[in-house]
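Asks: Here it is, the structure, as structure tokens.
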Amino acid sequence: MKKSIKYLTIAALAASVMVSCQYGEDEVSNPVDKAPAIAITVNEVGDDACSFTVAPSGTALYYSYSVVEGNVFSAPDAAKLYSVSAGGIKKGTVKYAETPSATISLSGLDCNADYTVFAVAGSPEGVPGEVAIQHFHTTDTVNPEVVDAAVEDGSLVLTFSEPVKFVVGKEVTVEAYAPASFSYQHYRYAAEPEASFVIKSGETDGNSVVLPIPEDAFVPGALLAVSYPDGTFIDAVELPIEGQESYVFGNYYTSEGWYPETYGIVIETEPDSFELGDELDLGDITAIDDGEDYVPVLIFPLGEGIGYYLDMNYGYLYETYDWDDDNTVGTVTYSQVTADGRKSTKTIKLGYGEDAEYDLIELEDGIYGCVYLYEEPLPGDTVTVVLPPYCYVDKYGNVNAEKTYTFTYVGSSDASEGE
């Protein structure tokens, strides 16, 4: 004897009644009216939106639909689709008596992508009929935009709003600006870049393009302005992407300090540290002054564009770097071992306004770092100078690493005795 099946209606689903069995051709008793066929008509399709209309060909109790990503040719189970329990990015059910045909709008879709619409109608008794299938493909007419730019593992990474490809034969130009080099540049005029380099290749990684930076071209702390002509990148349908011009103006002042004014794609890279040079050979250090003024007891080379940090108000440097003022003070230690083996030491502070100061000195061949002592060591003292980080900073905002210098203070009396 055939089983007698009671079909769920949408009203029964709303009352949380569970389906008692699966529907099959051999298990369904003949309803008074069969479920009508259902038509799916795709209307307008855009880059990220689409609308479609579902309409049963005859009287139905309810009809349901579901939208999934991709070109799918295998229909879901009719009962699951009808009861709105099939998967999908959008799904729903409509009461035929109230809305004989329904137009559904979709938004937030991926451009240049495939989607599939499923729909099914139920008979007046709620028996689902045959599942209809309709595919559509979104367009790609809008230029992708750069949504993020960064330097990662030695490469420039540009992330777009959709997948793109780098065009062989094109070039990306990167100009490096040094923040400290345009501290008082007017904000209405472009600053001058310190250096530039060209990138001639790129690999696609999802929505990102990885552009390798030439060896030794990258400078930590630099502001990198990224420019490229039209057609340097193309999207999935080979639509040329509009070019980009980028540059840096001067600075504007906020309550938190000076900041650069930029246009286009400008990446603010993280500063690093640099090593101070070895001390110059000054011969015997016999005095801390020459009778008229203090003289440096230690001189060491600095790289190009390196200055020293004292106070933003004096205008020595433009910096957005988060200075650690406690680290701008170092130490100078005087130590000596007597003939009977006793060791005496004395430590003074090294910093602005202390008993020892670091500074800049201009020699014939350039600018050097130097140290002045305002408290004289004893003749024969071993003088150990520890320069902390944040004493010196280059034009890109990179600070010096800690450096220790040691020399013996001869003293004027010892020097005269040796003559």
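Naming scheme: A, B, ... for chains in displayed order of the structure tokens; residues 1 onward per chain; ligands 1 onward as shown.
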Taking the chain letters and numbering used in this document, name the residues of segment 175-308 of chain A that DSSP puts in strand (DSSP E), as a compact mmCIF listing (two decimals) with C-alpha atoms, in the first residue's frame.
Replies:
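Written file, result29.txt:
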# COMPACT_ATOMS: atom_id res chain seq x y z
CA GLU A 175 60.29 58.48 -5.07
CA ALA A 176 61.82 58.52 -1.59
CA TYR A 177 61.29 61.63 0.52
CA ALA A 195 66.09 59.53 -4.32
CA SER A 196 63.99 57.40 -6.68
CA PHE A 197 63.95 53.90 -8.13
CA VAL A 198 62.02 51.99 -10.78
CA ILE A 199 60.27 48.61 -10.49
CA GLU A 203 53.55 39.12 -9.28
CA THR A 204 49.82 38.81 -8.58
CA ASP A 205 48.78 37.42 -5.21
CA SER A 208 47.60 42.27 -4.36
CA VAL A 209 50.55 42.84 -6.66
CA VAL A 210 53.99 42.20 -5.15
CA LEU A 211 56.63 44.49 -6.67
CA PRO A 212 60.25 43.65 -5.68
CA LEU A 223 58.19 58.41 2.67
CA LEU A 224 57.68 56.46 -0.57
CA ALA A 225 55.50 58.07 -3.25
CA VAL A 226 54.30 55.47 -5.79
CA SER A 227 53.45 56.55 -9.35
CA PHE A 233 47.91 47.17 -14.35
CA ILE A 234 44.93 45.42 -15.93
CA ASP A 235 41.97 43.74 -14.29
CA TYR A 247 54.12 63.13 -4.30
CA VAL A 248 54.75 64.80 -0.94
CA PHE A 249 54.19 68.42 0.02
CA GLY A 250 55.80 70.04 3.02
CA ASN A 251 54.37 69.70 6.49
CA TYR A 252 51.44 70.88 8.47
CA TYR A 253 51.44 71.30 12.22
CA THR A 254 48.99 69.70 14.62
CA GLY A 257 53.60 67.69 15.95
CA TRP A 258 54.58 68.10 12.30
CA TYR A 259 53.12 65.76 9.69
CA PRO A 260 53.65 65.50 5.93
CA GLU A 261 51.00 66.55 3.44
CA THR A 262 50.75 63.91 0.72
CA TYR A 263 48.96 63.23 -2.55
CA ILE A 265 49.88 56.65 -2.79
CA VAL A 266 52.47 57.56 -0.15
CA ILE A 267 53.82 54.95 2.26
CA GLU A 268 55.35 56.00 5.57
CA SER A 273 68.90 52.50 13.50
CA PHE A 274 72.37 53.20 12.13
CA LEU A 298 86.09 62.76 20.98
CA ILE A 299 85.21 63.16 17.29
CA PHE A 300 83.50 60.52 15.12
CA PRO A 301 82.06 60.51 11.59
CA ILE A 306 72.53 63.14 10.10
CA GLY A 307 71.77 65.78 12.73
CA TYR A 308 71.13 65.65 16.41
Asks: For the helix (DSSP H, G or I) assignment from backbone DSSP, which residues of segment 34-104 of chain A qualify? Please present them as a PyMOL selection string.
Replies: chain A and resi 78-82
Asks: As an exercise, work out the distance from atom CA of Ala37 of chain A to atom CA of Ser57 of chain A in Å and give it to one decimal place.
Replies: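 Distance between the two atoms: 5.5 Å.
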Asks: Write out as a Markdown table a residue-level contact list of segment 160-213 of chain A versus segment 111-118 of chain A with cut-off 12 Å: for each qualifying residue the closest pair of atoms and the distance in Å to one decimal, counting only C-alpha atoms, rows sorted by chain and residue number upward.
Replies:
| residue | atom | partner | partner_atom | distance |
| --- | --- | --- | --- | --- |
| A:Ser161 | CA | A:Cys111 | CA | 10.1 |
| A:Glu162 | CA | A:Cys111 | CA | 7.9 |
| A:Pro163 | CA | A:Cys111 | CA | 9.9 |
| A:Val164 | CA | A:Asn112 | CA | 11.9 |
Asks: Taking N, CA and C atoms for each residue, export the selection above as a compact mmCIF listing (two decimals), in the first residue's frame.
Replies:
# COMPACT_ATOMS: atom_id res chain seq x y z
N SER A 161 41.10 46.76 -5.10
CA SER A 161 39.74 46.36 -4.71
C SER A 161 39.27 45.10 -5.42
N GLU A 162 40.06 44.63 -6.39
CA GLU A 162 39.77 43.38 -7.09
C GLU A 162 41.07 42.87 -7.69
N PRO A 163 41.13 41.62 -8.15
CA PRO A 163 42.39 41.09 -8.69
C PRO A 163 42.85 41.87 -9.94
N VAL A 164 44.14 42.14 -10.00
CA VAL A 164 44.74 42.82 -11.15
C VAL A 164 46.05 42.12 -11.50
Asks: Hey, what's within 9 Å of Leu302 of chain A if we count only C-alpha atoms and toss same-chain stuff fewer than 4 positions away? As a VMD selection string, please?
Replies: chain A and resid 275 to 277 306 to 307 366 to 369 392
Asks: Next, write the just-selected residues to a file, as a compact mmCIF listing (two decimals), in the first residue's frame, keeping N, CA and C atoms as the atom set.
Replies:
# COMPACT_ATOMS: atom_id res chain seq x y z
N GLU A 275 74.70 52.80 12.63
CA GLU A 275 75.90 52.74 13.47
C GLU A 275 76.69 54.04 13.35
N LEU A 276 77.14 54.55 14.48
CA LEU A 276 78.06 55.68 14.47
C LEU A 276 79.45 55.21 14.09
N GLY A 277 80.22 56.10 13.47
CA GLY A 277 81.55 55.72 13.00
C GLY A 277 82.56 55.63 14.13
N ILE A 306 72.78 63.46 8.70
CA ILE A 306 72.53 63.14 10.10
C ILE A 306 72.68 64.39 10.95
N GLY A 307 71.71 64.66 11.80
CA GLY A 307 71.77 65.78 12.73
C GLY A 307 71.60 65.25 14.14
N GLY A 366 83.39 67.84 6.22
CA GLY A 366 82.01 67.54 6.53
C GLY A 366 81.65 67.71 7.99
N ILE A 367 80.44 67.23 8.33
CA ILE A 367 79.91 67.33 9.69
C ILE A 367 80.22 66.05 10.45
N TYR A 368 80.73 66.20 11.68
CA TYR A 368 81.07 65.06 12.52
C TYR A 368 80.32 65.18 13.85
N GLY A 369 80.22 64.06 14.53
CA GLY A 369 79.73 64.07 15.90
C GLY A 369 80.90 64.27 16.85
N TYR A 392 71.56 61.02 17.83
CA TYR A 392 71.65 61.53 16.47
C TYR A 392 70.56 60.88 15.62
Asks: Can you tell me how far atom CA of Phe52 of chain A sits from atom CA of Asn207 of chain A, in Å to one decimal?
Replies: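 Result for atom CA of Phe52 of chain A versus atom CA of Asn207 of chain A: 28.7 Å, one decimal.
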Asks: Take atom CA of Val67 of chain A and atom CA of Gly87 of chain A and report the distance between them in Å, one decimal.
Replies: 8.2 Å
Asks: Compare A:Asp216, A:Glu69, A:Glu279, A:Asp293 by their minimum atom-to-atom distance to Thr404 of chain A, counting only C-alpha atoms, and give me the closest one.
Replies: A:Glu279
Asks: List the spatial neighbours of Lys95 of chain A as a list in words - criterion: any atom at most 12 Å away, only C-alpha atoms, same-chain residues fewer than 2 positions off excluded.
Replies: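 Near Lys95 of chain A, the qualifying residues are Thr9, Ile10, Ala11, Ala55, Pro56, Thr59, Ala60, Leu61, Tyr62, Tyr63, Ser64, Tyr82, Gly92, Thr93, Ala97, Glu98, Thr99, Pro100, Ser101, Ala102, Ala121, Gly122, Ser123, Pro124 and Gly126 of chain A.
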Asks: Could you write those residues out with N, CA and C atoms, as a PDB file, in the first residue's frame?
Replies:
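Printed below is out.pdb as written:
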ATOM      1  N   THR A   9       3.561  22.792   4.508  1.00  0.00           N
ATOM      2  CA  THR A   9       3.346  24.110   3.913  1.00  0.00           C
ATOM      3  C   THR A   9       4.252  25.089   4.626  1.00  0.00           C
ATOM      4  N   ILE A  10       4.392  26.275   4.042  1.00  0.00           N
ATOM      5  CA  ILE A  10       5.232  27.291   4.680  1.00  0.00           C
ATOM      6  C   ILE A  10       4.697  27.644   6.045  1.00  0.00           C
ATOM      7  N   ALA A  11       3.352  27.646   6.189  1.00  0.00           N
ATOM      8  CA  ALA A  11       2.759  27.947   7.490  1.00  0.00           C
ATOM      9  C   ALA A  11       3.191  26.909   8.504  1.00  0.00           C
ATOM     10  N   ALA A  55       8.794  33.614 -11.268  1.00  0.00           N
ATOM     11  CA  ALA A  55       7.340  33.624 -11.459  1.00  0.00           C
ATOM     12  C   ALA A  55       6.838  32.222 -11.772  1.00  0.00           C
ATOM     13  N   PRO A  56       5.987  31.633 -10.918  1.00  0.00           N
ATOM     14  CA  PRO A  56       5.375  30.336 -11.237  1.00  0.00           C
ATOM     15  C   PRO A  56       4.463  30.485 -12.459  1.00  0.00           C
ATOM     16  N   THR A  59      -1.010  28.468 -10.528  1.00  0.00           N
ATOM     17  CA  THR A  59      -1.300  28.655  -9.107  1.00  0.00           C
ATOM     18  C   THR A  59      -0.365  27.813  -8.246  1.00  0.00           C
ATOM     19  N   ALA A  60       0.181  28.452  -7.219  1.00  0.00           N
ATOM     20  CA  ALA A  60       1.066  27.770  -6.271  1.00  0.00           C
ATOM     21  C   ALA A  60       0.709  28.226  -4.874  1.00  0.00           C
ATOM     22  N   LEU A  61       1.138  27.430  -3.885  1.00  0.00           N
ATOM     23  CA  LEU A  61       0.944  27.860  -2.505  1.00  0.00           C
ATOM     24  C   LEU A  61       2.042  28.856  -2.136  1.00  0.00           C
ATOM     25  N   TYR A  62       3.282  28.424  -2.242  1.00  0.00           N
ATOM     26  CA  TYR A  62       4.467  29.258  -2.053  1.00  0.00           C
ATOM     27  C   TYR A  62       5.461  28.926  -3.152  1.00  0.00           C
ATOM     28  N   TYR A  63       6.441  29.806  -3.351  1.00  0.00           N
ATOM     29  CA  TYR A  63       7.586  29.485  -4.214  1.00  0.00           C
ATOM     30  C   TYR A  63       8.831  30.069  -3.541  1.00  0.00           C
ATOM     31  N   SER A  64       9.952  29.383  -3.737  1.00  0.00           N
ATOM     32  CA  SER A  64      11.189  29.734  -3.030  1.00  0.00           C
ATOM     33  C   SER A  64      12.357  29.856  -4.009  1.00  0.00           C
ATOM     34  N   TYR A  82      12.524  24.356  -1.241  1.00  0.00           N
ATOM     35  CA  TYR A  82      11.176  24.853  -0.984  1.00  0.00           C
ATOM     36  C   TYR A  82      11.010  25.300   0.469  1.00  0.00           C
ATOM     37  N   GLY A  92      14.958  32.936  -0.061  1.00  0.00           N
ATOM     38  CA  GLY A  92      13.706  33.407   0.498  1.00  0.00           C
ATOM     39  C   GLY A  92      12.525  32.635  -0.065  1.00  0.00           C
ATOM     40  N   THR A  93      11.344  32.937   0.443  1.00  0.00           N
ATOM     41  CA  THR A  93      10.124  32.301  -0.018  1.00  0.00           C
ATOM     42  C   THR A  93       9.036  33.361  -0.165  1.00  0.00           C
ATOM     43  N   ALA A  97      -0.310  33.836  -3.485  1.00  0.00           N
ATOM     44  CA  ALA A  97      -1.586  34.561  -3.470  1.00  0.00           C
ATOM     45  C   ALA A  97      -1.370  36.064  -3.285  1.00  0.00           C
ATOM     46  N   GLU A  98      -0.287  36.423  -2.604  1.00  0.00           N
ATOM     47  CA  GLU A  98      -0.002  37.837  -2.361  1.00  0.00           C
ATOM     48  C   GLU A  98       0.897  38.427  -3.448  1.00  0.00           C
ATOM     49  N   THR A  99       1.834  37.628  -3.970  1.00  0.00           N
ATOM     50  CA  THR A  99       2.794  38.104  -4.974  1.00  0.00           C
ATOM     51  C   THR A  99       2.981  37.020  -6.028  1.00  0.00           C
ATOM     52  N   PRO A 100       2.249  37.077  -7.119  1.00  0.00           N
ATOM     53  CA  PRO A 100       2.348  36.041  -8.153  1.00  0.00           C
ATOM     54  C   PRO A 100       3.720  35.967  -8.821  1.00  0.00           C
ATOM     55  N   SER A 101       4.452  37.064  -8.836  1.00  0.00           N
ATOM     56  CA  SER A 101       5.837  37.071  -9.327  1.00  0.00           C
ATOM     57  C   SER A 101       6.637  38.024  -8.448  1.00  0.00           C
ATOM     58  N   ALA A 102       7.894  37.688  -8.232  1.00  0.00           N
ATOM     59  CA  ALA A 102       8.721  38.496  -7.324  1.00  0.00           C
ATOM     60  C   ALA A 102      10.034  38.864  -7.991  1.00  0.00           C
ATOM     61  N   ALA A 121       8.565  25.983  -7.210  1.00  0.00           N
ATOM     62  CA  ALA A 121       7.210  26.332  -6.763  1.00  0.00           C
ATOM     63  C   ALA A 121       6.555  25.108  -6.137  1.00  0.00           C
ATOM     64  N   GLY A 122       5.619  25.357  -5.248  1.00  0.00           N
ATOM     65  CA  GLY A 122       4.878  24.273  -4.613  1.00  0.00           C
ATOM     66  C   GLY A 122       3.440  24.251  -5.100  1.00  0.00           C
ATOM     67  N   SER A 123       2.860  23.068  -5.172  1.00  0.00           N
ATOM     68  CA  SER A 123       1.450  22.934  -5.561  1.00  0.00           C
ATOM     69  C   SER A 123       0.561  23.580  -4.503  1.00  0.00           C
ATOM     70  N   PRO A 124      -0.761  23.715  -4.803  1.00  0.00           N
ATOM     71  CA  PRO A 124      -1.663  24.272  -3.781  1.00  0.00           C
ATOM     72  C   PRO A 124      -1.640  23.491  -2.482  1.00  0.00           C
ATOM     73  N   GLY A 126       1.190  22.218  -1.352  1.00  0.00           N
ATOM     74  CA  GLY A 126       2.543  22.378  -0.810  1.00  0.00           C
ATOM     75  C   GLY A 126       3.540  21.367  -1.308  1.00  0.00           C
TER      76      GLY A 126
END
Asks: From the list A:Phe160, A:Tyr374, A:Phe136, A:Tyr65, which residue is nearest Ala49 of chain A when using only C-alpha atoms?
Replies: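 Residue with the minimum atom-to-atom distance to Ala49 of chain A: A:Phe136.
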Asks: Of the residues A:Glu354, A:Asp289, A:Glu362, A:Glu242, which is the one nearest to Tyr228 of chain A, using only C-alpha atoms?
Replies: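 Using only C-alpha atoms, Tyr228 of chain A sits closest to A:Glu242.
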Asks: What's the 9 Å shell around Ile133 of chain A, counting only C-alpha atoms, without same-chain residues fewer than 3 positions away, as a PyMOL selection string?
Replies: chain A and resi 39-40+72-75+116-119
Asks: Using only C-alpha atoms, which of the listed residues (A:Thr286, A:Thr139, A:Thr173, A:Ser412) sits closest to Ala236 of chain A?
Replies: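 Using only C-alpha atoms, Ala236 of chain A sits closest to A:Thr139.
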Asks: Excluding Gly88 of chain A and its own-chain neighbours fewer than 3 positions away, which residues fall within 7 Å of it when counting only C-alpha atoms? Please give them as a ChimeraX atom specification.
Replies: /A:66-68,91
Asks: Could the residues in this selection be saved with N, CA and C atoms as a compact mmCIF listing (two decimals), in the first residue's frame?
Replies:
# COMPACT_ATOMS: atom_id res chain seq x y z
N SER A 66 16.97 30.54 -4.19
CA SER A 66 18.27 30.59 -3.52
C SER A 66 19.32 31.00 -4.55
N VAL A 67 20.31 31.79 -4.13
CA VAL A 67 21.40 32.24 -5.00
C VAL A 67 22.71 31.73 -4.42
N VAL A 68 23.55 31.11 -5.26
CA VAL A 68 24.85 30.60 -4.82
C VAL A 68 25.94 31.15 -5.72
N LYS A 91 18.48 33.87 -0.01
CA LYS A 91 17.38 32.94 -0.26
C LYS A 91 16.11 33.49 0.38
Asks: Given only C-alpha atoms as the basis, pick out the residue of A:Gly221, A:Gly58, A:Pro214, A:Pro377 nearest to Ile38 of chain A.
Replies: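 Among the listed residues, the smallest separation from Ile38 of chain A belongs to A:Gly58.
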Asks: Give the answer as one residue: which of A:Lys80, A:Lys170, A:Lys34, A:Lys165 has the shortest atom-to-atom distance to Gly129 of chain A, using only C-alpha atoms?
Replies: A:Lys34
